[in-house]
Amino acid sequence: MKFAVMGGTGLIGSQVVKNLNAAGHEAVPHSQSTGVDVISGQGVDEAVAGADVVVNLTNSPTFDEASPAFFQTSMDNLLAAAQKAGVGHFVILSIVGVDQVPELDYYRAKTLQEEILAAGPIPYSIVRATQFMEFMESVLSWTADSDTVRLPATPIQPIAAKDVAAAVAEVSAGTPLRGIRNIAGPEIFPLDELGRITLSHKGDDRPVVIDPTAGMFAAVKGDVLTDMDAHLASTRYADWLS
C-alpha cells in the first residue's frame, strides 16, 4: 500500500515511515520541510494523491488557546484532499484520556481533532498513546529551577516513542478501526517519582517536591492518563533510560 505520512519527519513520523517501508509498503514523509503546509494547504493535494492511507502526525506548534484552530484547519484541509484522492483510511495519533481533561487547551484541541475525523467522510483509526518517555526532560524543565523540581503526583504510564511508532504503523496497515485503540507503557508511576528516577539517572541531585499546582499535569484529575487495559508495550522506563 501507499501511505502519505503527514508530519513524517518528526519523532514518531520518521519511525512510522521507516517501519512501513521495512514491511514492504511505500510510505512517503511530508512536512513543511518537504513543501507541504497543512494550514495554508500548500502541497497537500499533491501529497495525498495516489495514497491508500493518510497518517496525520502533524502537531500544533503551541499548547495554548491557538491549538484548536490548528487542528480544525489542518484536518479540514487534509480530509478534503483525502476525500478528493479517494483515500480509504485516515489515521491520527492522540492521547489516552484526552477527553477527560477539558481544563487544558491542548487536550480540548486534540479532542476536537478526534471529533472532526470521526464525523468525516473517510474510514478512520485513532491511536491514543500515553505520555512519551522522550518528553520527560521537557516536563521536568517546565517547573524546575536551579535548586528544586516541582511536580504533581499525577499517575503517568510512560511509553517509548519507538513503541508508539510501531503501533501506529500496525494500525495504519490494517483495516480501519472506525474507533480508538489505546496503547501504553507497561508501568504506572506518580509523576514526581518519575522525575526522581530521571534526575537520579542523570546524576542530578536536585530534590523533587510534590506540588499539586505545578505544570500542565496539575490540571489532570485522578488516573485518566493511564490505562492498564490498553495494548501494553514492552519497553520499561529503566530500560529506556539505560
# chains A, B, ... in the order shown; residues from 1 in each chain; ligands from 1

$ select_by_dssp --residues "stretch 15-241 of chain A" --states "alpha helix (DSSP H)" --output "PyMOL selection string"
chain A and resi 15-22+44-48+67-85+105-119+136-142+161-172+191-202+237-241

$ closest_atom_pairs --of "stretch 133-153 of chain A" --to "stretch 190-211 of chain A" --cutoff "7 Å" --atoms "only C-alpha atoms" --output "JSON lines"
{"residue": "A:Leu140", "atom": "CA", "partner": "A:Gly195", "partner_atom": "CA", "distance": 6.8}
{"residue": "A:Asp147", "atom": "CA", "partner": "A:Arg206", "partner_atom": "CA", "distance": 5.9}
{"residue": "A:Thr148", "atom": "CA", "partner": "A:Arg206", "partner_atom": "CA", "distance": 5.4}
{"residue": "A:Val149", "atom": "CA", "partner": "A:Val208", "partner_atom": "CA", "distance": 4.7}
{"residue": "A:Arg150", "atom": "CA", "partner": "A:Val209", "partner_atom": "CA", "distance": 4.9}
{"residue": "A:Leu151", "atom": "CA", "partner": "A:Ile210", "partner_atom": "CA", "distance": 5.2}
{"residue": "A:Pro152", "atom": "CA", "partner": "A:Asp211", "partner_atom": "CA", "distance": 4.9}
{"residue": "A:Ala153", "atom": "CA", "partner": "A:Pro190", "partner_atom": "CA", "distance": 4.7}

$ write_last_selection --atoms "C-alpha atoms" --output "mmCIF file, in the first residue's frame"
data_model
loop_
_atom_site.group_PDB
_atom_site.id
_atom_site.type_symbol
_atom_site.label_atom_id
_atom_site.label_comp_id
_atom_site.auth_asym_id
_atom_site.auth_seq_id
_atom_site.Cartn_x
_atom_site.Cartn_y
_atom_site.Cartn_z
ATOM 1 C CA LEU A 140 10.931 18.480 34.253
ATOM 2 C CA ASP A 147 17.563 24.206 43.310
ATOM 3 C CA THR A 148 14.321 22.234 43.048
ATOM 4 C CA VAL A 149 11.967 20.440 40.660
ATOM 5 C CA ARG A 150 8.267 20.755 41.470
ATOM 6 C CA LEU A 151 5.878 18.134 40.097
ATOM 7 C CA PRO A 152 2.373 16.919 40.895
ATOM 8 C CA ALA A 153 1.839 13.248 41.794
#

$ closest_residue --among "A:Pro61, A:Gly50, A:Gln42, A:Gly7" --to "A:Ile92" --atoms "only C-alpha atoms"
A:Gly7

$ closest_residue --among "A:Gly35, A:Gly215, A:Pro68, A:Gly24" --to "A:Ala144" --atoms "only C-alpha atoms"
A:Gly215

$ select_by_dssp --residues "stretch 3-120 of chain A" --states "strand (DSSP E or B)" --output "list in words"
Phe3, Ala4, Val5, Met6, Glu26, Ala27, Val28, Pro29, His30, Val53, Val54, Val55, Asn56, His89, Phe90, Val91, Ile92, Leu93, Ser94 and Ile95 of chain A

$ atom_distance --atom1 "atom CA of A:Ile12" --atom2 "atom CA of A:Ala161"
6.2 Å

$ closest_residue --among "A:Glu187, A:Asp239, A:Glu134, A:Asp227" --to "A:Ile95" --atoms "only C-alpha atoms"
A:Asp227

$ closest_residue --among "A:Ala27, A:Ala49, A:Leu104, A:Val171" --to "A:Phe90" --atoms "only C-alpha atoms"
A:Val171

$ residues_around --residues "A:Gln100" --least-positions-apart "4" --cutoff "9 Å" --atoms "only C-alpha atoms" --output "PyMOL selection string"
chain A and resi 107+220-221+224-225

$ write_last_selection --atoms "all heavy atoms" --output "CSV table (one decimal), in the first residue's frame"
chain,number,residue,atom,x,y,z
A,107,TYR,N,-5.5,19.6,25.2
A,107,TYR,CA,-6.3,18.4,25.2
A,107,TYR,C,-7.7,18.6,24.6
A,107,TYR,O,-8.2,17.7,23.9
A,107,TYR,CB,-6.4,17.9,26.7
A,107,TYR,CG,-5.2,17.1,27.1
A,107,TYR,CD1,-3.9,17.6,26.9
A,107,TYR,CD2,-5.3,15.9,27.8
A,107,TYR,CE1,-2.8,16.9,27.3
A,107,TYR,CE2,-4.2,15.2,28.2
A,107,TYR,CZ,-3.0,15.7,27.9
A,107,TYR,OH,-1.9,14.9,28.3
A,220,VAL,N,-4.8,17.6,35.7
A,220,VAL,CA,-5.3,16.2,35.5
A,220,VAL,C,-5.8,15.7,36.8
A,220,VAL,O,-5.1,15.7,37.8
A,220,VAL,CB,-4.2,15.3,34.9
A,220,VAL,CG1,-4.7,13.9,34.8
A,220,VAL,CG2,-3.6,15.8,33.6
A,221,LYS,N,-7.0,15.2,36.8
A,221,LYS,CA,-7.7,14.7,38.0
A,221,LYS,C,-7.6,13.1,37.9
A,221,LYS,O,-8.1,12.5,36.9
A,221,LYS,CB,-9.1,15.2,38.1
A,221,LYS,CG,-9.2,16.7,38.3
A,221,LYS,CD,-10.6,17.1,38.4
A,221,LYS,CE,-10.7,18.6,38.6
A,221,LYS,NZ,-10.1,19.4,37.5
A,224,VAL,N,-6.7,9.4,34.8
A,224,VAL,CA,-7.3,9.3,33.5
A,224,VAL,C,-6.3,9.2,32.4
A,224,VAL,O,-6.6,8.9,31.2
A,224,VAL,CB,-8.2,10.6,33.2
A,224,VAL,CG1,-9.4,10.6,34.2
A,224,VAL,CG2,-7.4,11.9,33.3
A,225,LEU,N,-5.0,9.5,32.7
A,225,LEU,CA,-3.9,9.4,31.6
A,225,LEU,C,-3.3,8.1,31.6
A,225,LEU,O,-2.3,7.8,30.9
A,225,LEU,CB,-2.9,10.5,31.9
A,225,LEU,CG,-3.3,12.0,31.8
A,225,LEU,CD1,-2.1,12.9,31.9
A,225,LEU,CD2,-4.2,12.3,30.6

$ closest_residue --among "A:Thr235, A:Ser138, A:Ser60, A:Ser31" --to "A:Gly185" --atoms "only C-alpha atoms"
A:Thr235

$ atom_distance --atom1 "atom CA of A:Ala214" --atom2 "atom CA of A:Ser141"
11.3 Å

$ residues_around --residues "A:Gly88" --least-positions-apart "3" --cutoff "10 Å" --atoms "only C-alpha atoms" --output "list in words"
Ala51, Asp52, Val53, Val54, Ala82, Gln83, Ala85, Pro121, Ile122, Pro123, Tyr124, Thr175 and Pro176 of chain A

$ residues_around --residues "A:Gln113" --least-positions-apart "6" --cutoff "8 Å" --atoms "only C-alpha atoms" --output "JSON, numbers by chain"
{"A": [71, 72, 75]}

$ closest_residue --among "A:Ala81, A:Glu46, A:Arg128, A:Ala169" --to "A:Ser14" --atoms "only C-alpha atoms"
A:Ala169

$ atom_distance --atom1 "atom CA of A:His30" --atom2 "atom CA of A:Gly10"
9.8 Å
